[in-house]
file data.pdb (PDB, C-alpha atoms)
ATOM      1  CA  MET A   1     135.849-178.103  68.842
ATOM      2  CA  GLN A   2     138.329-180.202  70.791
ATOM      3  CA  ILE A   3     137.869-183.937  70.380
ATOM      4  CA  GLU A   4     139.670-186.255  72.796
ATOM      5  CA  ILE A   5     140.831-189.393  71.001
ATOM      6  CA  GLU A   6     143.446-191.068  73.229
ATOM      7  CA  GLN A   7     144.318-194.055  71.115
ATOM      8  CA  ARG A   8     147.440-195.694  69.759
ATOM      9  CA  ILE A   9     148.595-194.180  66.468
ATOM     10  CA  LEU A  10     149.248-197.668  65.139
ATOM     11  CA  ALA A  11     145.931-198.968  66.489
ATOM     12  CA  ALA A  12     144.988-200.478  63.128
ATOM     13  CA  ASN A  13     148.282-202.378  62.928
ATOM     14  CA  GLU A  14     148.036-203.489  66.554
ATOM     15  CA  ARG A  15     144.441-204.702  66.158
ATOM     16  CA  LEU A  16     145.444-206.890  63.223
ATOM     17  CA  ALA A  17     148.503-208.069  65.152
ATOM     18  CA  ALA A  18     146.257-209.176  68.024
ATOM     19  CA  GLU A  19     144.080-211.073  65.546
ATOM     20  CA  ASN A  20     147.164-212.760  64.080
ATOM     21  CA  ARG A  21     148.332-213.751  67.573
ATOM     22  CA  ALA A  22     144.916-215.174  68.451
ATOM     23  CA  ARG A  23     145.020-217.338  65.300
ATOM     24  CA  PHE A  24     148.510-218.596  66.162
ATOM     25  CA  ASP A  25     147.464-219.361  69.749
ATOM     26  CA  GLU A  26     144.356-221.206  68.610
ATOM     27  CA  HIS A  27     146.607-223.623  66.712
ATOM     28  CA  GLY A  28     149.428-223.680  69.280
ATOM     29  CA  VAL A  29     151.894-222.262  66.760
ATOM     30  CA  PHE A  30     154.876-220.300  68.067
ATOM     31  CA  VAL A  31     155.895-217.329  65.914
ATOM     32  CA  VAL A  32     159.284-215.620  66.096
ATOM     33  CA  ASP A  33     160.212-212.401  64.261
ATOM     34  CA  LEU A  34     163.914-212.195  63.358
ATOM     35  CA  MET A  35     165.266-208.669  62.915
ATOM     36  CA  ALA A  36     168.755-207.622  61.787
ATOM     37  CA  SER A  37     170.751-205.476  59.384
ATOM     38  CA  PRO A  38     171.099-206.572  55.751
ATOM     39  CA  GLY A  39     173.835-209.194  55.648
ATOM     40  CA  ALA A  40     173.879-210.026  59.371
ATOM     41  CA  GLY A  41     172.869-213.603  58.615
ATOM     42  CA  LYS A  42     169.100-213.767  59.036
ATOM     43  CA  THR A  43     168.593-216.314  56.267
ATOM     44  CA  SER A  44     171.638-218.364  57.339
ATOM     45  CA  THR A  45     170.321-218.384  60.902
ATOM     46  CA  ILE A  46     166.921-219.549  59.651
ATOM     47  CA  LEU A  47     168.470-222.367  57.617
ATOM     48  CA  ALA A  48     170.602-223.470  60.588
ATOM     49  CA  THR A  49     167.545-223.336  62.866
ATOM     50  CA  ILE A  50     165.542-225.421  60.404
ATOM     51  CA  GLU A  51     168.255-228.081  60.336
ATOM     52  CA  ALA A  52     168.399-228.136  64.152
ATOM     53  CA  LEU A  53     164.642-228.416  64.709
ATOM     54  CA  ARG A  54     163.062-229.938  61.583
ATOM     55  CA  ASP A  55     162.985-233.461  63.019
ATOM     56  CA  ARG A  56     160.987-232.241  66.015
ATOM     57  CA  TYR A  57     158.736-229.534  64.612
ATOM     58  CA  ALA A  58     156.793-228.612  61.491
ATOM     59  CA  ILE A  59     158.260-225.260  60.452
ATOM     60  CA  ALA A  60     157.278-222.577  57.932
ATOM     61  CA  VAL A  61     159.050-219.350  57.051
ATOM     62  CA  ILE A  62     157.707-215.930  56.075
ATOM     63  CA  GLU A  63     160.348-213.923  54.226
ATOM     64  CA  GLY A  64     160.086-210.141  54.211
ATOM     65  CA  ASP A  65     162.126-208.219  51.669
ATOM     66  CA  ILE A  66     161.736-204.992  49.769
ATOM     67  CA  ALA A  67     162.023-206.982  46.530
ATOM     68  CA  SER A  68     163.027-210.417  45.128
ATOM     69  CA  LYS A  69     162.216-213.962  46.179
ATOM     70  CA  VAL A  70     165.743-215.328  46.575
ATOM     71  CA  ASP A  71     165.390-215.930  50.318
ATOM     72  CA  ALA A  72     162.131-217.867  50.005
ATOM     73  CA  GLU A  73     163.708-219.997  47.285
ATOM     74  CA  LYS A  74     166.669-220.807  49.546
ATOM     75  CA  VAL A  75     164.292-221.960  52.284
ATOM     76  CA  ARG A  76     162.104-223.979  49.883
ATOM     77  CA  ALA A  77     165.244-225.708  48.610
ATOM     78  CA  HIS A  78     165.446-227.190  52.115
ATOM     79  CA  GLY A  79     161.940-228.598  51.761
ATOM     80  CA  ILE A  80     160.301-226.086  54.096
ATOM     81  CA  PRO A  81     157.223-224.039  53.104
ATOM     82  CA  ALA A  82     158.152-220.404  52.606
ATOM     83  CA  VAL A  83     156.033-217.367  51.773
ATOM     84  CA  GLN A  84     157.736-214.335  50.296
ATOM     85  CA  ILE A  85     156.406-210.879  51.157
ATOM     86  CA  ASN A  86     157.751-208.049  49.015
ATOM     87  CA  THR A  87     157.121-204.774  50.795
ATOM     88  CA  GLY A  88     157.721-202.787  47.604
ATOM     89  CA  GLY A  89     160.029-200.281  49.270
ATOM     90  CA  ALA A  90     158.624-200.265  52.796
ATOM     91  CA  CYS A  91     161.331-200.606  55.450
ATOM     92  CA  HIS A  92     159.486-203.027  57.758
ATOM     93  CA  LEU A  93     156.737-205.639  57.851
ATOM     94  CA  GLU A  94     153.258-204.816  59.157
ATOM     95  CA  SER A  95     150.597-207.088  60.600
ATOM     96  CA  ALA A  96     148.336-206.929  57.511
ATOM     97  CA  MET A  97     151.172-208.377  55.397
ATOM     98  CA  ILE A  98     151.618-211.203  57.899
ATOM     99  CA  ARG A  99     147.900-211.947  57.824
ATOM    100  CA  ARG A 100     147.922-212.317  54.042
ATOM    101  CA  ALA A 101     151.004-214.551  54.220
ATOM    102  CA  VAL A 102     149.510-216.707  56.968
ATOM    103  CA  ASP A 103     146.365-217.203  54.879
ATOM    104  CA  THR A 104     148.487-219.304  52.502
ATOM    105  CA  LEU A 105     149.788-221.576  55.315
ATOM    106  CA  ASP A 106     148.033-224.475  57.024
ATOM    107  CA  LEU A 107     148.345-223.502  60.698
ATOM    108  CA  ALA A 108     146.895-226.809  61.872
ATOM    109  CA  GLU A 109     149.946-228.572  60.439
ATOM    110  CA  LEU A 110     152.565-226.203  61.918
ATOM    111  CA  ASP A 111     154.447-225.822  65.214
ATOM    112  CA  LEU A 112     156.752-222.926  64.416
ATOM    113  CA  ILE A 113     156.708-219.970  62.019
ATOM    114  CA  ILE A 114     159.889-217.966  61.563
ATOM    115  CA  ILE A 115     159.409-214.457  60.157
ATOM    116  CA  GLU A 116     162.412-212.796  58.532
ATOM    117  CA  ASN A 117     161.827-209.069  58.784
ATOM    118  CA  VAL A 118     163.222-206.526  56.329
ATOM    119  CA  GLY A 119     166.926-205.879  56.926
ATOM    120  CA  ASN A 120     166.841-202.777  59.135
ATOM    121  CA  LEU A 121     167.749-202.030  62.778
ATOM    122  CA  VAL A 122     165.248-199.190  63.198
ATOM    123  CA  CYS A 123     161.752-199.503  61.807
ATOM    124  CA  PRO A 124     160.813-203.154  62.515
ATOM    125  CA  SER A 125     161.184-202.557  66.256
ATOM    126  CA  ASP A 126     158.088-200.325  66.460
ATOM    127  CA  PHE A 127     155.656-202.672  64.670
ATOM    128  CA  ASP A 128     153.821-205.542  66.333
ATOM    129  CA  LEU A 129     153.161-208.335  63.826
ATOM    130  CA  GLY A 130     151.360-210.694  66.185
ATOM    131  CA  GLU A 131     154.555-212.666  66.823
ATOM    132  CA  HIS A 132     155.272-214.141  70.262
ATOM    133  CA  ALA A 133     158.890-213.046  70.361
ATOM    134  CA  LYS A 134     161.100-210.621  68.522
ATOM    135  CA  VAL A 135     164.722-211.740  68.305
ATOM    136  CA  MET A 136     167.521-209.618  66.921
ATOM    137  CA  ILE A 137     170.685-210.811  65.234
ATOM    138  CA  LEU A 138     173.827-208.715  65.336
ATOM    139  CA  SER A 139     176.864-209.919  63.405
ATOM    140  CA  VAL A 140     180.372-209.370  64.726
ATOM    141  CA  PRO A 141     181.594-207.315  61.699
ATOM    142  CA  GLU A 142     178.895-204.705  62.411
ATOM    143  CA  GLY A 143     180.714-203.745  65.610
ATOM    144  CA  HIS A 144     180.015-203.822  69.337
ATOM    145  CA  ASP A 145     178.758-200.215  69.329
ATOM    146  CA  LYS A 146     175.442-201.015  67.644
ATOM    147  CA  PRO A 147     173.392-201.149  70.891
ATOM    148  CA  TYR A 148     174.399-197.517  71.477
ATOM    149  CA  LYS A 149     173.093-196.533  68.058
ATOM    150  CA  TYR A 150     169.979-198.714  67.829
ATOM    151  CA  PRO A 151     168.827-199.231  71.428
ATOM    152  CA  ASN A 152     165.151-199.870  70.718
ATOM    153  CA  ILE A 153     165.698-203.067  68.760
ATOM    154  CA  PHE A 154     167.693-204.503  71.673
ATOM    155  CA  GLN A 155     165.015-203.424  74.155
ATOM    156  CA  VAL A 156     162.109-205.078  72.356
ATOM    157  CA  SER A 157     163.956-208.366  71.710
ATOM    158  CA  GLN A 158     163.490-211.443  73.885
ATOM    159  CA  ALA A 159     166.842-212.871  72.775
ATOM    160  CA  VAL A 160     169.936-211.598  70.953
ATOM    161  CA  ILE A 161     171.988-213.723  68.549
ATOM    162  CA  LEU A 162     175.619-212.650  68.090
ATOM    163  CA  ASN A 163     176.325-214.122  64.652
ATOM    164  CA  LYS A 164     179.582-214.610  62.709
ATOM    165  CA  TYR A 165     181.169-215.253  66.103
ATOM    166  CA  ASP A 166     183.999-217.112  64.362
ATOM    167  CA  THR A 167     185.229-213.797  62.900
ATOM    168  CA  MET A 168     185.787-212.305  66.366
ATOM    169  CA  SER A 169     189.590-212.471  66.045
ATOM    170  CA  VAL A 170     189.555-210.462  62.810
ATOM    171  CA  PHE A 171     187.365-207.603  63.977
ATOM    172  CA  ASP A 172     187.928-205.242  66.856
ATOM    173  CA  PHE A 173     184.750-206.379  68.632
ATOM    174  CA  ASP A 174     184.659-205.814  72.398
ATOM    175  CA  GLU A 175     182.366-208.606  73.561
ATOM    176  CA  ALA A 176     182.471-207.575  77.244
ATOM    177  CA  GLU A 177     181.359-204.033  76.400
ATOM    178  CA  PHE A 178     178.678-205.362  74.050
ATOM    179  CA  ARG A 179     177.252-207.613  76.755
ATOM    180  CA  GLU A 180     177.313-204.828  79.334
ATOM    181  CA  VAL A 181     175.437-202.377  77.088
ATOM    182  CA  VAL A 182     172.856-204.977  76.046
ATOM    183  CA  ARG A 183     172.316-205.917  79.692
ATOM    184  CA  GLY A 184     171.692-202.263  80.522
ATOM    185  CA  LEU A 185     169.091-202.073  77.765
ATOM    186  CA  ASN A 186     167.472-205.418  78.373
ATOM    187  CA  GLY A 187     168.429-207.328  81.469
ATOM    188  CA  LEU A 188     166.530-210.501  80.635
ATOM    189  CA  ALA A 189     167.375-211.310  76.996
ATOM    190  CA  PRO A 190     169.902-214.142  76.645
ATOM    191  CA  ILE A 191     172.769-213.598  74.181
ATOM    192  CA  PHE A 192     173.599-216.546  71.916
ATOM    193  CA  PRO A 193     177.041-216.458  70.231
ATOM    194  CA  MET A 194     176.696-218.306  66.934
ATOM    195  CA  SER A 195     178.303-219.006  63.568
ATOM    196  CA  ALA A 196     175.205-219.917  61.619
ATOM    197  CA  THR A 197     176.952-221.069  58.435
ATOM    198  CA  LYS A 198     179.357-223.288  60.414
ATOM    199  CA  GLY A 199     176.727-224.599  62.811
ATOM    200  CA  GLU A 200     178.602-223.452  65.928
ATOM    201  CA  GLY A 201     176.420-222.257  68.793
ATOM    202  CA  VAL A 202     173.225-223.109  66.944
ATOM    203  CA  GLN A 203     172.226-225.751  69.479
ATOM    204  CA  ALA A 204     171.889-223.379  72.438
ATOM    205  CA  TRP A 205     169.703-220.994  70.429
ATOM    206  CA  ALA A 206     167.638-223.853  68.991
ATOM    207  CA  GLU A 207     166.997-225.281  72.466
ATOM    208  CA  TRP A 208     165.850-221.879  73.744
ATOM    209  CA  LEU A 209     163.480-221.644  70.789
ATOM    210  CA  ALA A 210     162.304-225.243  71.264
ATOM    211  CA  GLY A 211     161.388-224.394  74.857
ATOM    212  CA  ARG A 212     159.165-221.596  73.593
ATOM    213  CA  VAL A 213     157.608-223.848  70.943
ATOM    214  CA  GLU A 214     156.780-226.416  73.638
ATOM    215  CA  ASP A 215     155.157-223.721  75.782
ATOM    216  CA  ALA A 216     153.013-222.646  72.818
ATOM    217  CA  LYS A 217     151.969-226.236  72.036
ATOM    218  CA  THR A 218     150.828-226.829  75.587
ATOM    219  CA  GLY A 219     148.999-223.505  75.718
ATOM    220  CA  ARG A 220     151.267-221.951  78.289
ATOM    221  CA  GLY A 221     151.775-219.172  75.776
ATOM    222  CA  ALA A 222     154.563-216.727  75.339
TER     223      ALA A 222
ATOM    224  CA  MET B   1     161.692-193.630  57.257
ATOM    225  CA  HIS B   2     158.800-195.369  58.997
ATOM    226  CA  GLU B   3     157.667-191.932  60.169
ATOM    227  CA  LEU B   4     155.607-191.931  56.962
ATOM    228  CA  GLY B   5     153.625-194.898  58.288
ATOM    229  CA  ILE B   6     153.254-193.244  61.689
ATOM    230  CA  ALA B   7     152.053-189.990  60.083
ATOM    231  CA  SER B   8     149.608-191.952  57.970
ATOM    232  CA  GLY B   9     148.203-193.582  61.125
ATOM    233  CA  ILE B  10     147.813-190.157  62.766
ATOM    234  CA  LEU B  11     146.041-188.744  59.722
ATOM    235  CA  SER B  12     143.567-191.596  59.358
ATOM    236  CA  SER B  13     142.736-191.590  63.107
ATOM    237  CA  ALA B  14     142.234-187.813  63.061
ATOM    238  CA  ILE B  15     140.000-187.880  59.981
ATOM    239  CA  THR B  16     137.903-190.738  61.373
ATOM    240  CA  ALA B  17     137.409-188.882  64.665
ATOM    241  CA  ALA B  18     136.473-185.664  62.865
ATOM    242  CA  GLU B  19     134.026-187.416  60.537
ATOM    243  CA  ASN B  20     132.396-189.141  63.514
ATOM    244  CA  VAL B  21     131.268-185.758  64.841
ATOM    245  CA  GLY B  22     130.404-184.312  61.426
ATOM    246  CA  ALA B  23     133.395-181.938  61.283
ATOM    247  CA  THR B  24     134.836-180.930  57.895
ATOM    248  CA  THR B  25     138.179-179.343  58.783
ATOM    249  CA  ILE B  26     140.888-180.203  61.287
ATOM    250  CA  SER B  27     142.994-177.332  62.624
ATOM    251  CA  SER B  28     145.322-179.149  65.026
ATOM    252  CA  VAL B  29     146.374-182.619  66.104
ATOM    253  CA  ASP B  30     148.156-183.475  69.368
ATOM    254  CA  VAL B  31     150.240-186.642  69.674
ATOM    255  CA  SER B  32     152.566-188.122  72.321
ATOM    256  CA  ILE B  33     155.690-190.056  71.360
ATOM    257  CA  GLY B  34     157.816-192.006  73.850
ATOM    258  CA  VAL B  35     161.551-191.371  73.679
ATOM    259  CA  LEU B  36     162.260-195.106  73.461
ATOM    260  CA  THR B  37     160.547-195.457  70.076
ATOM    261  CA  GLU B  38     162.511-194.952  66.892
ATOM    262  CA  VAL B  39     160.450-191.944  65.809
ATOM    263  CA  MET B  40     162.296-188.729  64.951
ATOM    264  CA  GLU B  41     160.172-185.639  65.477
ATOM    265  CA  ASP B  42     161.652-183.803  62.458
ATOM    266  CA  ALA B  43     160.985-186.720  60.142
ATOM    267  CA  LEU B  44     157.457-187.059  61.511
ATOM    268  CA  GLN B  45     156.709-183.367  60.865
ATOM    269  CA  PHE B  46     158.105-183.695  57.338
ATOM    270  CA  ALA B  47     155.917-186.726  56.623
ATOM    271  CA  TRP B  48     152.892-184.982  58.152
ATOM    272  CA  ASP B  49     153.387-181.884  55.961
ATOM    273  CA  GLU B  50     153.340-184.089  52.862
ATOM    274  CA  LEU B  51     150.467-186.388  53.792
ATOM    275  CA  ARG B  52     147.988-183.755  54.983
ATOM    276  CA  GLN B  53     147.885-182.066  51.541
ATOM    277  CA  GLY B  54     144.466-182.366  49.909
ATOM    278  CA  THR B  55     142.769-183.716  53.060
ATOM    279  CA  MET B  56     140.524-182.050  55.638
ATOM    280  CA  ALA B  57     143.670-181.753  57.778
ATOM    281  CA  GLU B  58     145.472-179.713  55.115
ATOM    282  CA  ASN B  59     146.025-176.786  57.500
ATOM    283  CA  ALA B  60     146.347-178.795  60.694
ATOM    284  CA  ALA B  61     149.417-178.246  62.846
ATOM    285  CA  LEU B  62     150.893-181.383  64.383
ATOM    286  CA  THR B  63     151.934-180.850  68.004
ATOM    287  CA  VAL B  64     154.288-183.548  69.262
ATOM    288  CA  THR B  65     154.882-184.069  72.993
ATOM    289  CA  MET B  66     157.899-186.273  73.660
ATOM    290  CA  LEU B  67     157.460-188.441  76.768
ATOM    291  CA  GLY B  68     160.436-189.440  78.903
ATOM    292  CA  ALA B  69     161.141-192.998  79.987
ATOM    293  CA  ARG B  70     160.088-194.404  83.371
ATOM    294  CA  SER B  71     160.209-197.904  84.830
ATOM    295  CA  ARG B  72     159.192-199.685  88.024
ATOM    296  CA  CYS B  73     161.250-202.370  89.714
ATOM    297  CA  ALA B  74     159.279-205.609  90.136
ATOM    298  CA  ASP B  75     161.423-206.610  93.119
ATOM    299  CA  CYS B  76     161.512-203.488  95.299
ATOM    300  CA  GLY B  77     158.766-201.353  93.718
ATOM    301  CA  HIS B  78     161.045-198.372  93.085
ATOM    302  CA  ASP B  79     159.827-196.011  90.307
ATOM    303  CA  TYR B  80     162.595-194.320  88.364
ATOM    304  CA  GLU B  81     163.198-192.155  85.317
ATOM    305  CA  HIS B  82     165.904-193.250  82.936
ATOM    306  CA  GLY B  83     167.437-192.667  79.525
ATOM    307  CA  ARG B  84     167.693-195.028  76.602
ATOM    308  CA  TYR B  85     170.648-197.027  77.899
ATOM    309  CA  ASP B  86     170.027-197.539  81.587
ATOM    310  CA  ALA B  87     166.437-198.813  81.546
ATOM    311  CA  ALA B  88     166.970-202.402  82.510
ATOM    312  CA  ARG B  89     168.511-202.155  85.965
ATOM    313  CA  CYS B  90     166.822-200.814  89.078
ATOM    314  CA  PRO B  91     169.060-198.019  90.463
ATOM    315  CA  SER B  92     167.805-198.757  93.969
ATOM    316  CA  CYS B  93     168.261-202.518  94.394
ATOM    317  CA  GLY B  94     170.072-203.587  91.204
ATOM    318  CA  SER B  95     167.358-205.968  89.989
ATOM    319  CA  TYR B  96     166.953-206.582  86.266
ATOM    320  CA  VAL B  97     163.279-207.467  86.619
ATOM    321  CA  VAL B  98     161.753-204.122  85.751
ATOM    322  CA  MET B  99     158.579-203.000  83.986
ATOM    323  CA  LEU B 100     158.485-200.085  81.594
ATOM    324  CA  LEU B 101     155.812-197.582  82.658
ATOM    325  CA  GLN B 102     156.353-194.907  80.035
ATOM    326  CA  GLY B 103     158.570-194.309  77.021
ATOM    327  CA  ARG B 104     157.213-196.398  74.173
ATOM    328  CA  GLU B 105     154.032-194.393  73.500
ATOM    329  CA  LEU B 106     152.802-193.704  69.991
ATOM    330  CA  ASP B 107     149.514-192.048  70.938
ATOM    331  CA  ILE B 108     147.132-189.607  69.313
ATOM    332  CA  ASN B 109     145.603-187.552  72.123
ATOM    333  CA  ARG B 110     143.172-185.003  70.648
ATOM    334  CA  ILE B 111     142.279-182.980  67.611
ATOM    335  CA  ASP B 112     140.688-179.607  67.058
ATOM    336  CA  ALA B 113     138.053-179.853  64.327
ATOM    337  CA  ASP B 114     135.067-177.838  63.042
TER     338      ASP B 114
END
call {"tool": "encode", "arguments": {"input": "data.pdb", "output": "C-alpha cells"}}
result
Amino acid sequence: MQIEIEQRILAANERLAAENRARFDEHGVFVVDLMASPGAGKTSTILATIEALRDRYAIAVIEGDIASKVDAEKVRAHGIPAVQINTGGACHLESAMIRRAVDTLDLAELDLIIIENVGNLVCPSDFDLGEHAKVMILSVPEGHDKPYKYPNIFQVSQAVILNKYDTMSVFDFDEAEFREVVRGLNGLAPIFPMSATKGEGVQAWAEWLAGRVEDAKTGRGA
Amino acid sequence: MHELGIASGILSSAITAAENVGATTISSVDVSIGVLTEVMEDALQFAWDELRQGTMAENAALTVTMLGARSRCADCGHDYEHGRYDAARCPSCGSYVVMLLQGRELDINRIDAD
C-alpha cells in the first residue's frame, strides 16, 4: 500500500534544533555557528571575538572536531568556558550533540555562545543546530573561487568573514569577483575583511555580532 | 559524506511510517531533494544501498526527485526560477530582498509498504 508521509528527512534533527533554540531564547542567549574549512581561522576568529566582547558579554564556546580537545583548551586558556564535542568521524555537528553540550553550560549566566563547527564547507550547511545565525569564514589563501564550488554554505550564512586579509598581496585573490559572486548567492550577508591573529577588522565583525546579542537579550530575537 | 546521515533519516522515517500501519516490508521510498542542498544523488543511493541491508526496507528502491530552485522578490512580487549562483537578485527589478520558495528541500514523500 502507498503511505503518504510528507515530512522533512531531517525532522528528528530539526525538532531537536527547535528545542535548542527555544532554550536559548528563554534565556536571551544568542548562538552563532561558525563554519569554515580546516585552517581558515575559526579558532583564531573565536579568540579575537572573545577579546573584543568579553568585557561586555558572558561568552561560552562549543568546539566541534572529529577528534582531540586542543581547541577547547585554547579557549579555556583565555578563561572562557568551552565544551569540546568530538564527532568521532562525523563531518558536521547535529542538534543532539549541541543539546548535550548545552546541558553542561549555565544558560542563565550567558549572553553569547559561539559554536565552532567541524572544518568542512559542505555538510554543516544542511544541518540546523538551533543557532540563531550561521556565519562562514573563508580565508584568502583558499582562493576567491570557493563560492562557485561551495555555494550552499554562502547561501545559508548571515555574514561572511574574509580572514587572513593581510595575506591578500601574496595570493592571487580577486576580491571584486569574490564579492560579486557572494552577492549573487546571498544579497544580504555583510562581508567582514579580517586578520584575526593580528586583530585587524575584528571590531566591525564584533559590533555586528554585538548588535545581534543585544537583540537576543531584549527578546527581539534573530 | 553526510549523505549517510540523510539516508539514515530516510530509513528511520520510512520504517516508522510502515510500522505505524502494521506493514512488514517496504518496497519503495520516494524523496525530494532541492538542488540548493549539498546532497549528491549518487552518494545518497550508495548510502541507501548499504543502510537498508537487514531491515524491512532491504529490497526498497529509493526514488529521488530533484527539485529546481525558485524565489520570489519581496519588493516587486516577481516569481523566478534560478540556478545555484543567481538566486539572490530579482531579475525583474534588481532587488536583493528575495525569499526562497523551493530548492532546499530534504523531504520524504511516500513509501510503498505491505
call {"tool": "closest_residue", "arguments": {"input": "data.pdb", "among": "A:Asp71, A:Asp126, A:Asp145, A:Glu214", "to": "Gly34 of chain B", "atoms": "all atoms listed in the file"}}
result
A:Asp126
call {"tool": "resolve_selection", "arguments": {"input": "data.pdb", "expression": "the PyMOL selection byres ((chain A) within 6 of (chain B))", "output": "ChimeraX atom specification"}}
result
/A:1-10,123,184-187
call {"tool": "resolve_selection", "arguments": {"input": "data.pdb", "expression": "the PyMOL selection byres ((chain B and resi 41) around 10)", "output": "list in words"}}
result
Glu3, Ile33, Glu38, Val39, Met40, Asp42, Ala43, Leu44, Gln45, Phe46, Ala47, Thr63, Val64, Thr65 and Met66 of chain B
call {"tool": "resolve_selection", "arguments": {"input": "data.pdb", "expression": "the PyMOL selection byres ((chain A and resi 174) around 12)", "output": "MDAnalysis selection string"}}
result
chainID A and resid 140:146 165 168:173 175:181
call {"tool": "residues_near_point", "arguments": {"input": "data.pdb", "point": "(156.3, -219.4, 71.8)", "cutoff": "9 Å", "atoms": "all atoms listed in the file", "output": "PyMOL selection string"}}
result
chain A and resi 28-32+112+131-133+209-217+220-222
call {"tool": "closest_residue", "arguments": {"input": "data.pdb", "among": "A:Asn20, A:Gln155, A:Ser95, A:Ser139", "to": "Pro38 of chain A", "atoms": "all atoms listed in the file"}}
result
A:Ser139
call {"tool": "closest_residue", "arguments": {"input": "data.pdb", "among": "A:Ala22, A:Val61, A:Val102, A:Met194", "to": "Ile137 of chain A", "atoms": "only C-alpha atoms"}}
result
A:Met194
call {"tool": "atom_distance", "arguments": {"input": "data.pdb", "atom1": "atom CA of Ala74 of chain B", "atom2": "atom CA of Leu138 of chain A"}}
result
28.9 Å
call {"tool": "decode", "arguments": {"input": "data.pdb", "residues": "segment 82-102 of chain B", "atoms": "N, CA and C atoms", "output": "CSV table (one decimal), in the first residue's frame"}}
result
chain,number,residue,atom,x,y,z
B,82,HIS,N,15.8,29.9,-10.8
B,82,HIS,CA,17.2,30.3,-10.9
B,82,HIS,C,18.1,29.1,-10.6
B,83,GLY,N,19.4,29.3,-10.9
B,83,GLY,CA,20.4,28.2,-10.6
B,83,GLY,C,21.0,28.5,-9.2
B,84,ARG,N,22.1,27.9,-9.0
B,84,ARG,CA,22.8,28.0,-7.7
B,84,ARG,C,23.4,29.4,-7.4
B,85,TYR,N,23.7,30.1,-8.5
B,85,TYR,CA,24.6,31.3,-8.4
B,85,TYR,C,23.9,32.6,-8.6
B,86,ASP,N,22.6,32.5,-9.0
B,86,ASP,CA,21.9,33.8,-9.3
B,86,ASP,C,20.6,33.9,-8.5
B,87,ALA,N,20.6,33.3,-7.3
B,87,ALA,CA,19.4,33.3,-6.5
B,87,ALA,C,19.1,34.6,-5.9
B,88,ALA,N,20.1,35.4,-5.6
B,88,ALA,CA,19.9,36.5,-4.6
B,88,ALA,C,19.3,37.8,-5.2
B,89,ARG,N,19.3,37.9,-6.5
B,89,ARG,CA,18.9,39.1,-7.1
B,89,ARG,C,17.7,38.9,-8.0
B,90,CYS,N,16.7,39.7,-7.8
B,90,CYS,CA,15.5,39.6,-8.6
B,90,CYS,C,15.8,40.0,-10.1
B,91,PRO,N,15.5,39.2,-11.1
B,91,PRO,CA,15.8,39.5,-12.4
B,91,PRO,C,14.9,40.6,-13.0
B,92,SER,N,13.8,40.8,-12.3
B,92,SER,CA,12.9,41.8,-12.8
B,92,SER,C,13.2,43.2,-12.4
B,93,CYS,N,13.4,43.4,-11.0
B,93,CYS,CA,13.6,44.8,-10.5
B,93,CYS,C,15.0,45.0,-9.9
B,94,GLY,N,15.8,43.9,-9.8
B,94,GLY,CA,17.1,44.1,-9.2
B,94,GLY,C,17.3,44.1,-7.7
B,95,SER,N,16.1,43.9,-7.0
B,95,SER,CA,16.2,43.9,-5.6
B,95,SER,C,17.0,42.6,-5.0
B,96,TYR,N,17.6,42.8,-3.9
B,96,TYR,CA,18.3,41.7,-3.2
B,96,TYR,C,17.4,41.1,-2.1
B,97,VAL,N,16.2,41.7,-1.9
B,97,VAL,CA,15.4,41.2,-0.8
B,97,VAL,C,14.4,40.1,-1.5
B,98,VAL,N,14.9,38.9,-1.4
B,98,VAL,CA,14.1,37.8,-2.1
B,98,VAL,C,14.0,36.6,-1.1
B,99,MET,N,12.9,35.9,-1.3
B,99,MET,CA,12.6,34.7,-0.5
B,99,MET,C,12.7,33.5,-1.3
B,100,LEU,N,13.4,32.5,-0.8
B,100,LEU,CA,13.5,31.2,-1.5
B,100,LEU,C,12.2,30.5,-1.3
B,101,LEU,N,11.6,30.0,-2.4
B,101,LEU,CA,10.3,29.3,-2.4
B,101,LEU,C,10.6,27.8,-2.5
B,102,GLN,N,11.6,27.4,-3.2
B,102,GLN,CA,11.9,26.0,-3.4
B,102,GLN,C,13.4,25.8,-3.8
